[in-house]
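**Student:** Got target36.cif for you, mmCIF, C-alpha atoms and all ligand atoms:
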```
data_upload
#
loop_
_atom_site.label_atom_id
_atom_site.label_comp_id
_atom_site.auth_asym_id
_atom_site.auth_seq_id
_atom_site.Cartn_x
_atom_site.Cartn_y
_atom_site.Cartn_z
CA VAL A 155 135.32 52.09 55.81
CA THR A 156 134.69 54.41 52.89
CA ASP A 157 131.32 54.57 51.16
CA GLN A 158 131.53 52.27 48.14
CA SER A 159 127.98 52.76 46.90
CA PRO A 160 127.69 54.23 43.39
CA GLU A 161 125.38 56.83 44.93
CA ARG A 162 128.45 58.63 46.22
CA PHE A 163 128.95 59.91 42.66
CA VAL A 164 125.53 61.61 42.53
CA SER A 165 125.58 65.41 42.29
CA ARG A 166 124.45 67.37 45.31
CA ARG A 167 121.53 68.87 43.44
CA MET A 168 120.21 65.43 42.33
CA ARG A 169 120.75 63.80 45.70
CA THR A 170 117.15 64.11 46.86
CA SER A 171 115.61 63.51 43.40
CA ARG A 172 113.88 60.23 42.72
CA PRO A 173 111.68 59.17 39.80
CA ALA A 174 108.22 60.70 40.21
CA ARG A 175 106.18 58.57 42.60
CA LEU A 176 102.81 60.20 42.28
CA GLY A 177 101.42 58.47 45.32
CA LYS A 178 102.07 54.90 46.29
CA TYR A 179 100.74 53.38 43.06
CA GLY A 180 101.11 56.11 40.45
CA PRO A 181 99.19 56.38 37.20
CA TRP A 182 100.58 53.10 35.99
CA LEU A 183 98.51 50.80 38.16
CA ARG A 184 95.94 49.69 35.62
CA GLY A 185 94.38 46.42 34.62
CA PRO A 186 91.08 44.71 33.97
CA ASN A 187 89.97 45.13 37.58
CA ILE A 188 91.27 48.64 38.19
CA ILE A 189 89.70 51.88 37.08
CA SER A 190 92.46 54.50 37.17
CA PHE A 191 91.57 58.15 37.69
CA ALA A 192 95.25 58.77 38.46
CA GLY A 193 96.99 59.78 35.22
CA GLY A 194 96.38 62.76 32.97
CA LEU A 195 96.47 60.47 29.96
CA PRO A 196 94.51 61.53 26.87
CA ASP A 197 92.00 58.93 25.69
CA PRO A 198 93.92 56.89 23.05
CA ALA A 199 90.64 56.50 21.13
CA PHE A 200 91.31 60.06 19.93
CA PHE A 201 94.87 59.45 18.73
CA ASP A 202 94.94 60.07 14.98
CA ALA A 203 97.42 57.42 13.84
CA VAL A 204 96.20 57.65 10.23
CA GLY A 205 96.72 61.41 10.03
CA LEU A 206 100.12 61.19 11.71
CA ARG A 207 101.28 58.39 9.41
CA GLU A 208 100.29 60.53 6.45
CA ALA A 209 102.29 63.45 7.89
CA TYR A 210 105.41 61.32 8.46
CA ASP A 211 105.07 59.81 4.97
CA HIS A 212 104.82 63.27 3.47
CA VAL A 213 107.98 64.41 5.26
CA LEU A 214 110.00 61.31 4.36
CA ASP A 215 108.79 61.44 0.74
CA THR A 216 109.42 65.13 0.15
CA MET A 217 112.27 66.23 2.46
CA PRO A 218 114.19 63.22 3.81
CA GLU A 219 117.48 65.11 3.71
CA ARG A 220 116.11 67.72 6.15
CA ALA A 221 114.06 65.34 8.28
CA LEU A 222 117.03 63.08 8.97
CA GLN A 223 119.78 65.70 9.29
CA TYR A 224 120.94 67.80 12.27
CA ALA A 225 118.80 70.90 12.53
CA ARG A 226 118.69 74.34 14.16
CA GLY A 227 118.26 74.75 17.92
CA GLU A 228 115.27 77.08 17.84
CA GLY A 229 113.23 74.63 15.76
CA GLU A 230 112.00 74.13 12.21
CA PRO A 231 110.48 77.20 10.52
CA GLU A 232 107.37 75.31 9.38
CA LEU A 233 106.55 74.20 12.91
CA ARG A 234 107.20 77.63 14.39
CA GLU A 235 104.87 79.07 11.76
CA GLN A 236 102.09 76.65 12.70
CA ALA A 237 102.65 77.25 16.40
CA ALA A 238 102.57 81.04 15.88
CA ARG A 239 99.27 80.66 14.04
CA VAL A 240 97.77 78.68 16.93
CA LEU A 241 98.86 81.25 19.54
CA THR A 242 97.64 84.13 17.38
CA GLU A 243 94.24 82.44 16.97
CA ALA A 244 94.14 82.10 20.78
CA ARG A 245 94.45 85.92 20.95
CA PHE A 246 98.18 86.06 21.67
CA PRO A 247 99.59 87.63 18.47
CA THR A 248 102.85 85.81 17.84
CA ALA A 249 105.46 85.70 15.07
CA PRO A 250 107.35 82.47 14.32
CA GLN A 251 110.67 84.00 15.36
CA GLU A 252 109.33 84.54 18.89
CA LEU A 253 109.19 80.78 19.47
CA VAL A 254 111.62 78.05 20.51
CA ILE A 255 110.51 74.47 19.87
CA THR A 256 110.91 72.08 22.81
CA SER A 257 110.55 68.35 23.39
CA GLY A 258 107.24 68.72 25.23
CA SER A 259 106.51 71.51 27.66
CA GLN A 260 108.31 69.66 30.44
CA GLN A 261 111.54 70.42 28.60
CA GLY A 262 110.42 74.03 28.31
CA ILE A 263 110.05 74.16 32.10
CA SER A 264 113.46 72.57 32.54
CA LEU A 265 115.02 75.09 30.11
CA ILE A 266 113.53 77.93 32.15
CA GLY A 267 115.34 76.47 35.15
CA THR A 268 118.62 76.30 33.23
CA ALA A 269 118.30 79.68 31.55
CA LEU A 270 116.87 81.83 34.35
CA ILE A 271 117.28 80.32 37.83
CA ASP A 272 120.29 80.83 40.08
CA PRO A 273 120.53 78.79 43.28
CA GLY A 274 118.44 80.52 45.93
CA ASP A 275 116.17 82.39 43.50
CA VAL A 276 112.56 82.35 44.58
CA VAL A 277 109.86 80.95 42.28
CA LEU A 278 106.24 81.58 43.27
CA VAL A 279 103.73 78.82 42.56
CA GLU A 280 100.05 78.08 43.05
CA SER A 281 99.04 75.95 46.00
CA PRO A 282 98.47 73.21 44.89
CA THR A 283 100.48 73.11 41.66
CA TYR A 284 102.03 70.84 39.02
CA MET A 285 104.82 69.04 40.84
CA ALA A 286 106.97 68.14 37.83
CA ALA A 287 107.50 71.89 37.43
CA VAL A 288 108.34 72.27 41.11
CA ARG A 289 110.90 69.49 40.78
CA ALA A 290 112.47 71.03 37.67
CA PHE A 291 112.77 74.47 39.27
CA GLY A 292 114.05 72.80 42.44
CA LEU A 293 116.82 71.04 40.49
CA ALA A 294 117.96 74.43 39.24
CA GLY A 295 118.26 75.53 42.88
CA ALA A 296 115.05 77.54 43.19
CA ARG A 297 113.29 78.09 46.49
CA LEU A 298 109.57 77.44 45.86
CA VAL A 299 107.09 79.68 47.65
CA PRO A 300 103.35 78.96 47.39
CA VAL A 301 100.79 81.74 46.92
CA GLU A 302 97.36 81.29 48.53
CA THR A 303 94.84 80.02 46.02
CA ASP A 304 91.04 80.09 46.01
CA LEU A 305 88.44 78.91 43.47
CA ASP A 306 89.51 81.71 41.07
CA GLY A 307 93.24 80.93 41.25
CA ILE A 308 95.98 82.75 43.18
CA ARG A 309 94.83 85.64 45.36
CA PRO A 310 96.26 88.98 44.18
CA ASP A 311 96.61 90.29 47.75
CA ASP A 312 98.69 87.30 48.83
CA LEU A 313 100.64 87.51 45.56
CA GLU A 314 101.65 91.06 46.39
CA THR A 315 102.52 90.14 49.98
CA LYS A 316 104.70 87.23 48.83
CA ILE A 317 106.42 89.35 46.18
CA ILE A 318 107.30 92.05 48.72
CA ARG A 319 108.48 89.48 51.25
CA HIS A 320 110.43 87.11 48.96
CA ARG A 321 111.51 89.18 45.91
CA PRO A 322 110.85 86.30 43.47
CA LYS A 323 112.44 86.08 40.07
CA LEU A 324 109.40 84.54 38.45
CA ILE A 325 105.97 83.11 39.04
CA TYR A 326 104.83 79.82 37.50
CA LEU A 327 101.07 79.63 36.83
CA ILE A 328 98.62 77.36 35.02
CA PRO A 329 95.71 79.82 34.65
CA THR A 330 93.47 77.64 32.46
CA PHE A 331 92.08 74.26 33.61
CA GLN A 332 94.84 73.98 36.15
CA ASN A 333 96.62 70.75 37.01
CA PRO A 334 95.64 69.47 39.57
CA THR A 335 92.51 71.53 40.40
CA GLY A 336 90.85 72.12 37.01
CA ILE A 337 90.37 75.78 38.07
CA THR A 338 90.39 78.59 35.49
CA VAL A 339 91.35 82.12 36.50
CA PRO A 340 88.50 84.44 35.35
CA ALA A 341 89.19 87.55 33.25
CA ALA A 342 88.91 90.03 36.14
CA ARG A 343 91.36 88.06 38.30
CA ARG A 344 93.76 87.74 35.35
CA SER A 345 93.78 91.49 35.05
CA GLN A 346 94.46 91.96 38.77
CA ILE A 347 97.33 89.47 38.64
CA ALA A 348 98.82 91.23 35.60
CA ALA A 349 98.63 94.57 37.43
CA VAL A 350 100.54 93.18 40.43
CA LEU A 351 103.19 91.53 38.26
CA GLU A 352 103.69 94.72 36.26
CA ARG A 353 103.95 96.84 39.39
CA HIS A 354 106.67 94.62 40.88
CA ASP A 355 108.53 93.55 37.74
CA VAL A 356 108.13 89.79 38.20
CA LEU A 357 108.40 87.50 35.17
CA LEU A 358 105.30 85.38 34.45
CA VAL A 359 105.67 81.80 33.22
CA GLU A 360 102.27 80.64 31.94
CA ASP A 361 102.00 76.90 31.36
CA ASP A 362 99.09 76.18 29.03
CA PRO A 363 98.71 72.54 28.00
CA TYR A 364 94.91 72.40 28.35
CA SER A 365 93.22 75.59 27.07
CA GLU A 366 92.12 74.02 23.78
CA LEU A 367 90.16 71.42 25.74
CA ARG A 368 87.39 73.84 26.78
CA PHE A 369 83.95 72.22 27.02
CA HIS A 370 81.99 74.83 29.03
CA GLY A 371 82.01 78.64 28.80
CA GLU A 372 83.88 81.06 26.58
CA PRO A 373 87.62 81.02 25.77
CA LEU A 374 89.83 83.61 27.48
CA PRO A 375 93.03 85.07 26.08
CA PRO A 376 96.18 83.87 27.88
CA LEU A 377 97.26 85.87 30.93
CA ALA A 378 100.69 86.15 29.29
CA ALA A 379 99.06 88.09 26.43
CA ASP A 380 98.09 90.98 28.73
CA PRO A 381 99.78 94.06 27.16
CA ARG A 382 101.17 95.03 30.58
CA LEU A 383 103.24 91.83 30.56
CA GLN A 384 104.85 92.39 27.21
CA ASP A 385 108.51 91.38 27.60
CA LYS A 386 107.67 90.05 31.06
CA SER A 387 105.99 86.78 30.16
CA ILE A 388 106.94 83.35 28.91
CA MET A 389 104.29 81.00 27.59
CA LEU A 390 104.58 77.21 27.36
CA SER A 391 102.44 75.18 24.95
CA THR A 392 102.39 71.53 23.90
CA LEU A 393 100.79 69.10 21.49
CA SER A 394 100.64 66.46 24.24
CA LYS A 395 97.00 66.93 25.24
CA VAL A 396 95.58 67.80 21.82
CA VAL A 397 97.50 65.47 19.49
CA ALA A 398 99.61 62.92 21.40
CA PRO A 399 102.03 63.06 24.35
CA GLY A 400 104.28 60.46 22.71
CA LEU A 401 105.20 63.01 20.05
CA ARG A 402 107.11 65.16 22.59
CA ILE A 403 106.50 68.45 20.78
CA GLY A 404 105.94 71.78 22.51
CA TRP A 405 107.06 75.39 22.27
CA LEU A 406 108.15 78.34 24.35
CA ARG A 407 107.23 81.93 23.57
CA VAL A 408 109.97 84.10 25.06
CA PRO A 409 110.72 87.85 24.97
CA ALA A 410 113.21 88.77 22.22
CA GLY A 411 115.95 89.62 24.71
CA LEU A 412 115.83 86.12 26.19
CA ARG A 413 115.75 84.15 22.96
CA PRO A 414 119.49 83.67 22.42
CA THR A 415 119.82 82.41 26.00
CA PHE A 416 117.01 79.91 25.49
CA VAL A 417 118.36 78.70 22.15
CA ALA A 418 121.77 78.20 23.79
CA ALA A 419 120.17 76.26 26.68
CA LYS A 420 118.23 74.13 24.20
CA GLN A 421 121.33 73.39 22.09
CA THR A 422 123.29 72.44 25.19
CA THR A 423 120.51 70.06 26.25
CA ASP A 424 119.88 68.13 23.01
CA PHE A 425 120.95 70.30 20.02
CA HIS A 426 117.34 70.34 18.81
CA THR A 427 114.04 68.48 19.05
CA SER A 428 113.86 65.56 16.58
CA ALA A 429 113.72 67.14 13.11
CA ILE A 430 111.52 64.42 11.65
CA ASP A 431 109.03 64.79 14.49
CA GLN A 432 108.98 68.57 14.12
CA LEU A 433 108.40 68.45 10.38
CA ALA A 434 105.73 65.79 10.71
CA ALA A 435 104.02 67.81 13.45
CA ALA A 436 104.10 70.88 11.19
CA ALA A 437 102.62 68.94 8.29
CA TYR A 438 99.97 67.49 10.59
CA MET A 439 99.05 70.91 12.00
CA ASP A 440 98.87 72.36 8.50
CA ARG A 441 96.70 69.58 7.09
CA ARG A 442 94.59 68.48 10.04
CA MET A 443 94.50 71.19 12.67
CA ARG A 444 93.15 74.24 10.84
CA ASP A 445 89.50 73.39 11.41
CA PRO A 446 88.47 75.03 14.72
CA ARG A 447 85.87 72.26 15.22
CA ARG A 448 88.43 69.50 14.94
CA LEU A 449 88.58 68.94 18.69
CA ASP A 450 84.80 68.97 19.13
CA PRO A 451 84.50 65.17 19.53
CA VAL A 452 87.16 65.24 22.26
CA ARG A 453 85.52 68.21 23.97
CA ASP A 454 82.09 66.53 23.79
CA ALA A 455 83.47 63.34 25.31
CA TYR A 456 85.37 65.13 28.09
CA ARG A 457 82.29 67.27 28.88
CA ASN A 458 80.12 64.17 29.27
CA ARG A 459 82.74 62.46 31.37
CA SER A 460 83.37 65.44 33.61
CA ASP A 461 79.63 66.00 34.10
CA ALA A 462 79.10 62.30 34.87
CA MET A 463 81.97 62.29 37.36
CA ILE A 464 80.68 65.37 39.18
CA ASP A 465 77.06 64.15 39.22
CA THR A 466 78.06 60.77 40.63
CA LEU A 467 80.40 62.33 43.20
CA GLU A 468 77.61 64.65 44.32
CA LYS A 469 75.24 61.71 44.66
CA LEU A 470 77.51 59.21 46.39
CA MET A 471 80.21 60.98 48.39
CA PRO A 472 79.67 61.79 52.06
CA ALA A 473 78.28 65.14 53.23
CA GLY A 474 81.00 67.76 53.43
CA THR A 475 82.74 66.64 50.23
CA ARG A 476 83.58 69.57 47.91
CA MET A 477 84.76 69.48 44.31
CA THR A 478 85.75 71.85 41.52
CA HIS A 479 83.59 72.19 38.40
CA PRO A 480 86.13 72.48 35.58
CA GLU A 481 85.23 74.21 32.31
CA GLY A 482 87.77 72.10 30.45
CA GLY A 483 90.96 70.10 30.73
CA MET A 484 91.20 66.74 32.45
CA PHE A 485 90.84 67.04 36.22
CA VAL A 486 88.37 67.36 39.08
CA TRP A 487 89.85 68.26 42.49
CA VAL A 488 87.97 66.73 45.39
CA GLY A 489 88.06 67.93 49.00
CA LEU A 490 87.01 65.14 51.35
CA PRO A 491 85.67 65.85 54.83
CA ASP A 492 88.70 67.06 56.81
CA GLN A 493 89.22 63.97 58.94
CA LEU A 494 89.87 61.81 55.85
CA ASP A 495 93.45 61.42 54.60
CA SER A 496 93.58 60.66 50.88
CA ASP A 497 96.97 58.92 51.17
CA LEU A 498 95.37 56.42 53.55
CA LEU A 499 92.20 56.24 51.47
CA LEU A 500 94.24 55.09 48.48
CA ASP A 501 94.89 51.63 49.97
CA HIS A 502 91.16 51.09 50.46
CA ALA A 503 90.50 52.45 46.97
CA VAL A 504 92.90 49.98 45.35
CA GLU A 505 91.17 47.15 47.22
CA CYS A 506 87.86 48.44 45.83
CA GLY A 507 89.32 48.58 42.29
CA VAL A 508 89.91 52.30 41.72
CA THR A 509 92.93 54.67 41.93
CA PHE A 510 93.50 58.42 42.04
CA LEU A 511 96.33 60.77 42.99
CA PRO A 512 96.38 61.90 46.63
CA GLY A 513 96.44 65.68 46.98
CA SER A 514 99.48 65.73 49.24
CA GLY A 515 101.80 65.29 46.24
CA PHE A 516 100.79 68.64 44.72
CA TYR A 517 101.97 71.10 47.34
CA ALA A 518 105.32 72.89 47.44
CA GLU A 519 104.65 73.34 51.20
CA ASP A 520 102.02 72.37 53.78
CA PRO A 521 100.14 69.60 51.95
CA VAL A 522 96.37 69.37 52.49
CA ARG A 523 95.85 65.67 52.99
CA SER A 524 92.08 65.51 52.54
CA ASN A 525 92.27 66.55 48.86
CA LEU A 526 92.66 64.29 45.85
CA ARG A 527 92.84 64.57 42.06
CA LEU A 528 90.59 62.62 39.71
CA SER A 529 91.15 62.53 35.97
CA PHE A 530 87.99 62.09 33.90
CA CYS A 531 89.50 61.97 30.41
CA THR A 532 90.44 58.33 29.93
CA TYR A 533 87.21 56.31 30.29
CA PRO A 534 83.66 56.32 28.90
CA VAL A 535 80.82 57.55 31.13
CA GLY A 536 79.69 54.12 32.40
CA THR A 537 83.20 53.28 33.62
CA ILE A 538 83.52 56.69 35.28
CA GLU A 539 80.28 56.13 37.19
CA GLU A 540 81.45 52.68 38.29
CA GLY A 541 84.83 54.14 39.36
CA VAL A 542 83.14 56.79 41.50
CA ARG A 543 80.89 54.10 43.06
CA ARG A 544 84.06 52.22 44.03
CA LEU A 545 85.62 55.41 45.38
CA ALA A 546 82.53 56.06 47.52
CA ALA A 547 82.75 52.47 48.82
CA ALA A 548 86.41 53.03 49.70
CA VAL A 549 85.54 56.24 51.55
CA GLU A 550 82.92 54.34 53.53
CA ARG A 551 85.55 51.74 54.50
CA ALA A 552 88.12 54.37 55.39
CA ALA A 553 85.62 56.30 57.49
CA GLY A 554 84.27 53.15 59.18
C1 LIG A 601 100.61 71.66 33.79
C2 LIG A 601 101.44 70.76 32.95
N1 LIG A 601 102.57 71.22 32.40
C3 LIG A 601 103.35 70.44 31.64
C4 LIG A 601 103.02 69.14 31.38
C5 LIG A 601 103.97 68.32 30.56
O1 LIG A 601 103.50 68.10 29.32
P1 LIG A 601 104.42 67.65 28.09
O2 LIG A 601 103.93 66.31 27.70
O3 LIG A 601 104.17 68.68 27.06
O4 LIG A 601 105.84 67.65 28.54
C6 LIG A 601 101.84 68.60 31.92
C7 LIG A 601 101.49 67.20 31.70
O5 LIG A 601 100.67 66.61 32.34
C8 LIG A 601 101.03 69.44 32.72
O6 LIG A 601 99.90 69.00 33.29
#
```
Please re-express this file's structure in structure tokens.
**Tutor:**
Amino acid sequence: VTDQSPERFVSRRMRTSRPARLGKYGPWLRGPNIISFAGGLPDPAFFDAVGLREAYDHVLDTMPERALQYARGEGEPELREQAARVLTEARFPTAPQELVITSGSQQGISLIGTALIDPGDVVLVESPTYMAAVRAFGLAGARLVPVETDLDGIRPDDLETKIIRHRPKLIYLIPTFQNPTGITVPAARRSQIAAVLERHDVLLVEDDPYSELRFHGEPLPPLAADPRLQDKSIMLSTLSKVVAPGLRIGWLRVPAGLRPTFVAAKQTTDFHTSAIDQLAAAAYMDRRMRDPRRLDPVRDAYRNRSDAMIDTLEKLMPAGTRMTHPEGGMFVWVGLPDQLDSDLLLDHAVECGVTFLPGSGFYAEDPVRSNLRLSFCTYPVGTIEEGVRRLAAAVERAAG
């Protein structure tokens, strides 16, 4: 009997791919009786529908023929100009022609896979790391190799060891308010990492969706901006966490020699990111995003929520629980006492009315099962405290 299932038509490289599960329940389990710390969803209270409507109106009133027509692969000049301004203000001097607009940074990651990865190429990653990137590089045929990570990010000594042993093509890092840990690589460690990458000629891919959401401490320039990494770094940015993820607007900063390859990969994927969305995003950035204090209400809210989450965790979780203290972004990474398995804890948590993402889903290799990720960005302080109380109750059940 021959196999008649439609699955026989699936390509070899997609055969093990399934829609992201993100634990048994995922970020989508929500409801009146569930407090979800699972998803990295911006608080919709901060979505600026009025400002965005004004931007779309402006575009449709003044340039409908451009907004509704096919457009160029690298992106609209107005949006690249705004994006270049943002990167330059973040201390990464950038000209518009250095950028390629993408449909969110996830597409940027996927384009890196298409443009740069041959089957068998090694990609180094943090441990833990952002798994949607691991999956995208994996689809392109990459072999993912984790680098040992401590509270300051990847360890330069292990980085060098792994580079010598595996000869990677590139390293994928989230140096600022990392997903899932919330960790930020300090300036001194950034410099050490840059020195190792320069010495061994490894391309850096810096994914930076969160740096504008800093609520403690002083901003750092991107690692990719280190002069030693000129022509050896790619930077990914997005409007998802600072305007709205539904927009699907991001950009890639790539060395000049790689730009034609990336534009070709982008054109092959979808010709270009929606022209009307690009032009509206540019108008929005021009009109509403020039004030450096514009994100202060979001930062204030996320600071209060993060502080409340950490305080309540410290008060209620069992002895031996560790957690990161993020200076920005959306996530706290919690290490439970070793005997607790966060995948098993999740069932108890759902019964108690709270969800999170188990840590095991964030490792390219050797998952640590006692870790878990909590997102503090979606709820007000009172709800966060109640959610942590429920989590502590679930831990008590799981331990008992
Ligand atoms: C580290 C990281 N990279 C990329 C993305 C994807 O963002 P986008 O909405 O821009 O595709 C996310 C979203 O959570 C993320 O955390």
**Student:** Need the neighbours of (101.4, 75.4, 16.9): which residues are at most 9 Å away, counting only C-alpha atoms, as number ranges by chain?
**Tutor:** A: 233-241, 391-393, 404-405, 435-436, 439
**Student:** Would you tabulate, counting all atoms listed in the file, all residues of chain A that have an atom at most 10 Å from an atom of ligand LIG 601 (chain A), showing the closest pair of atoms and their distance in Å to one decimal, sorted by chain then ascending number, as CSV?
**Tutor:**
```
residue,atom,partner,partner_atom,distance
A:Gly193,CA,A:LIG601,O5,8.3
A:Gly194,CA,A:LIG601,O5,5.8
A:Leu195,CA,A:LIG601,O5,7.8
A:Pro196,CA,A:LIG601,O5,9.7
A:Thr256,CA,A:LIG601,O3,8.7
A:Ser257,CA,A:LIG601,O4,7.0
A:Gly258,CA,A:LIG601,O3,3.6
A:Ser259,CA,A:LIG601,O3,3.7
A:Gln260,CA,A:LIG601,O4,3.7
A:Gln261,CA,A:LIG601,O4,6.3
A:Gly262,CA,A:LIG601,O4,7.9
A:Ile263,CA,A:LIG601,C3,7.7
A:Ser264,CA,A:LIG601,O4,9.9
A:Thr283,CA,A:LIG601,C1,8.0
A:Tyr284,CA,A:LIG601,C1,5.5
A:Met285,CA,A:LIG601,C1,8.6
A:Ala286,CA,A:LIG601,C3,7.5
A:Ala287,CA,A:LIG601,N1,7.1
A:Tyr326,CA,A:LIG601,C1,9.9
A:Leu327,CA,A:LIG601,C1,8.5
A:Ile328,CA,A:LIG601,C1,6.2
A:Pro329,CA,A:LIG601,C1,9.6
A:Thr330,CA,A:LIG601,C1,9.4
A:Phe331,CA,A:LIG601,C1,8.9
A:Gln332,CA,A:LIG601,C1,6.7
A:Asn333,CA,A:LIG601,C1,5.2
A:Pro334,CA,A:LIG601,O6,7.6
A:Glu360,CA,A:LIG601,C1,9.3
A:Asp361,CA,A:LIG601,N1,5.8
A:Asp362,CA,A:LIG601,C1,6.7
A:Pro363,CA,A:LIG601,C2,5.9
A:Tyr364,CA,A:LIG601,O6,7.8
A:Leu390,CA,A:LIG601,N1,8.1
A:Ser391,CA,A:LIG601,O3,7.0
A:Thr392,CA,A:LIG601,O3,4.6
A:Leu393,CA,A:LIG601,O3,6.5
A:Ser394,CA,A:LIG601,O2,4.8
A:Lys395,CA,A:LIG601,O2,7.4
A:Ala398,CA,A:LIG601,O2,8.4
A:Pro399,CA,A:LIG601,O2,5.0
A:Gly400,CA,A:LIG601,O2,7.7
A:Leu401,CA,A:LIG601,O2,8.4
A:Arg402,CA,A:LIG601,O2,6.1
A:Ile403,CA,A:LIG601,O3,6.7
A:Gly404,CA,A:LIG601,O3,5.8
A:Trp405,CA,A:LIG601,O3,8.7
A:Gly483,CA,A:LIG601,O6,9.4
A:Met484,CA,A:LIG601,O6,9.0
A:Phe485,CA,A:LIG601,O6,9.7
```
**Student:** So, counting only C-alpha atoms, which residue among A:Glu161, A:Asp495, A:Asp304, A:Glu550 is closest to A:Thr335?
**Tutor:**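 Closest to A:Thr335, using only C-alpha atoms: A:Asp304.
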**Student:** At a cut-off of 9 Å, using all atoms listed in the file, what residues contact A:Ala462? Leave out same-chain residues fewer than 6 positions from it and give the result as a PDB file with C-alpha atoms, keeping the file's coordinate frame.
**Tutor:**
```
ATOM      1  CA  PHE A 530      87.990  62.090  33.900  1.00  0.00           C
ATOM      2  CA  VAL A 535      80.820  57.550  31.130  1.00  0.00           C
ATOM      3  CA  GLY A 536      79.690  54.120  32.400  1.00  0.00           C
ATOM      4  CA  ILE A 538      83.520  56.690  35.280  1.00  0.00           C
ATOM      5  CA  GLU A 539      80.280  56.130  37.190  1.00  0.00           C
TER       6      GLU A 539
END
```
**Student:** From the list A:Val397, A:Ile388, A:Leu222, A:Cys531, which residue is nearest A:Phe246 when using all atoms listed in the file?
**Tutor:**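 With all atoms listed in the file as the atom set, the closest residue is A:Ile388.
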**Student:** If we count only C-alpha atoms and set the cut-off at 8 Å, which residues sit around A:Val213, ignoring sequence neighbours fewer than 5 positions away in its own chain? Please answer as a tab-separated table (two decimals) with C-alpha atoms, keeping the file's coordinate frame.
**Tutor:**
```tsv
chain	number	residue	atom	x	y	z
A	218	PRO	CA	114.19	63.22	3.81
A	221	ALA	CA	114.06	65.34	8.28
A	430	ILE	CA	111.52	64.42	11.65
A	433	LEU	CA	108.40	68.45	10.38
A	434	ALA	CA	105.73	65.79	10.71
A	437	ALA	CA	102.62	68.94	8.29
```
**Student:** List as a PyMOL selection string the protein and nucleic acid residues near A:Leu377, meaning an atom at most 12 Å away when all atoms listed in the file are counted, but skip any in the same chain fewer than 4 places from it.
**Tutor:** chain A and resi 244-246+326-330+338-349+351+358-362+365+373+381-384+386-390
**Student:** Which of these residues is nearest to A:Val417, using all atoms listed in the file: A:Leu298, A:Leu265, A:Val279, A:Ile308?
**Tutor:**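 Using all atoms listed in the file, A:Val417 sits closest to A:Leu265.
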**Student:** My list of candidates is A:Ala503, A:Met471, A:Leu367, A:Ala547. Which is closest to A:Pro491 when distances are computed with all atoms listed in the file?
**Tutor:** A:Met471
**Student:** For A:Arg448, please output as a list in words all residues within 12 Å (counting all atoms listed in the file; exclusion window: fewer than 6 positions along the same chain).
**Tutor:**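 In the requested format, the answer is Phe200, Asp202, Glu366, Leu367, Val396, Val397, Met439, Arg441, Arg442 and Asp454 of chain A.
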**Student:** Would you compute the distance between atom CA of A:Gly267 and atom CA of A:Ala410? Give it in Å to one decimal.
**Tutor:**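 Straight-line distance from atom CA of A:Gly267 to atom CA of A:Ala410 works out to 18.0 Å.
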**Student:** Using all atoms of stretch 376-380 of chain A listed in the file and a margin of 3 Å per side, can you give the axis-aligned box centre and edge lengths in Å to one decimal, as JSON?
**Tutor:**
```
{"center_x": 98.4, "center_y": 87.4, "center_z": 28.7, "size_x": 10.5, "size_y": 13.1, "size_z": 10.5}
```
**Student:** Given all atoms listed in the file as the basis, pick out the residue of A:Leu511, A:Leu253, A:Leu490, A:Val549 nearest to A:Gly227.
**Tutor:**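 That would be A:Leu253, the residue with the smallest distance to A:Gly227.
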**Student:** What is the atom CA of A:Pro375-atom CA of A:Asp197 distance in Å, reported with one decimal?
**Tutor:**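 Result for atom CA of A:Pro375 versus atom CA of A:Asp197: 26.2 Å, one decimal.
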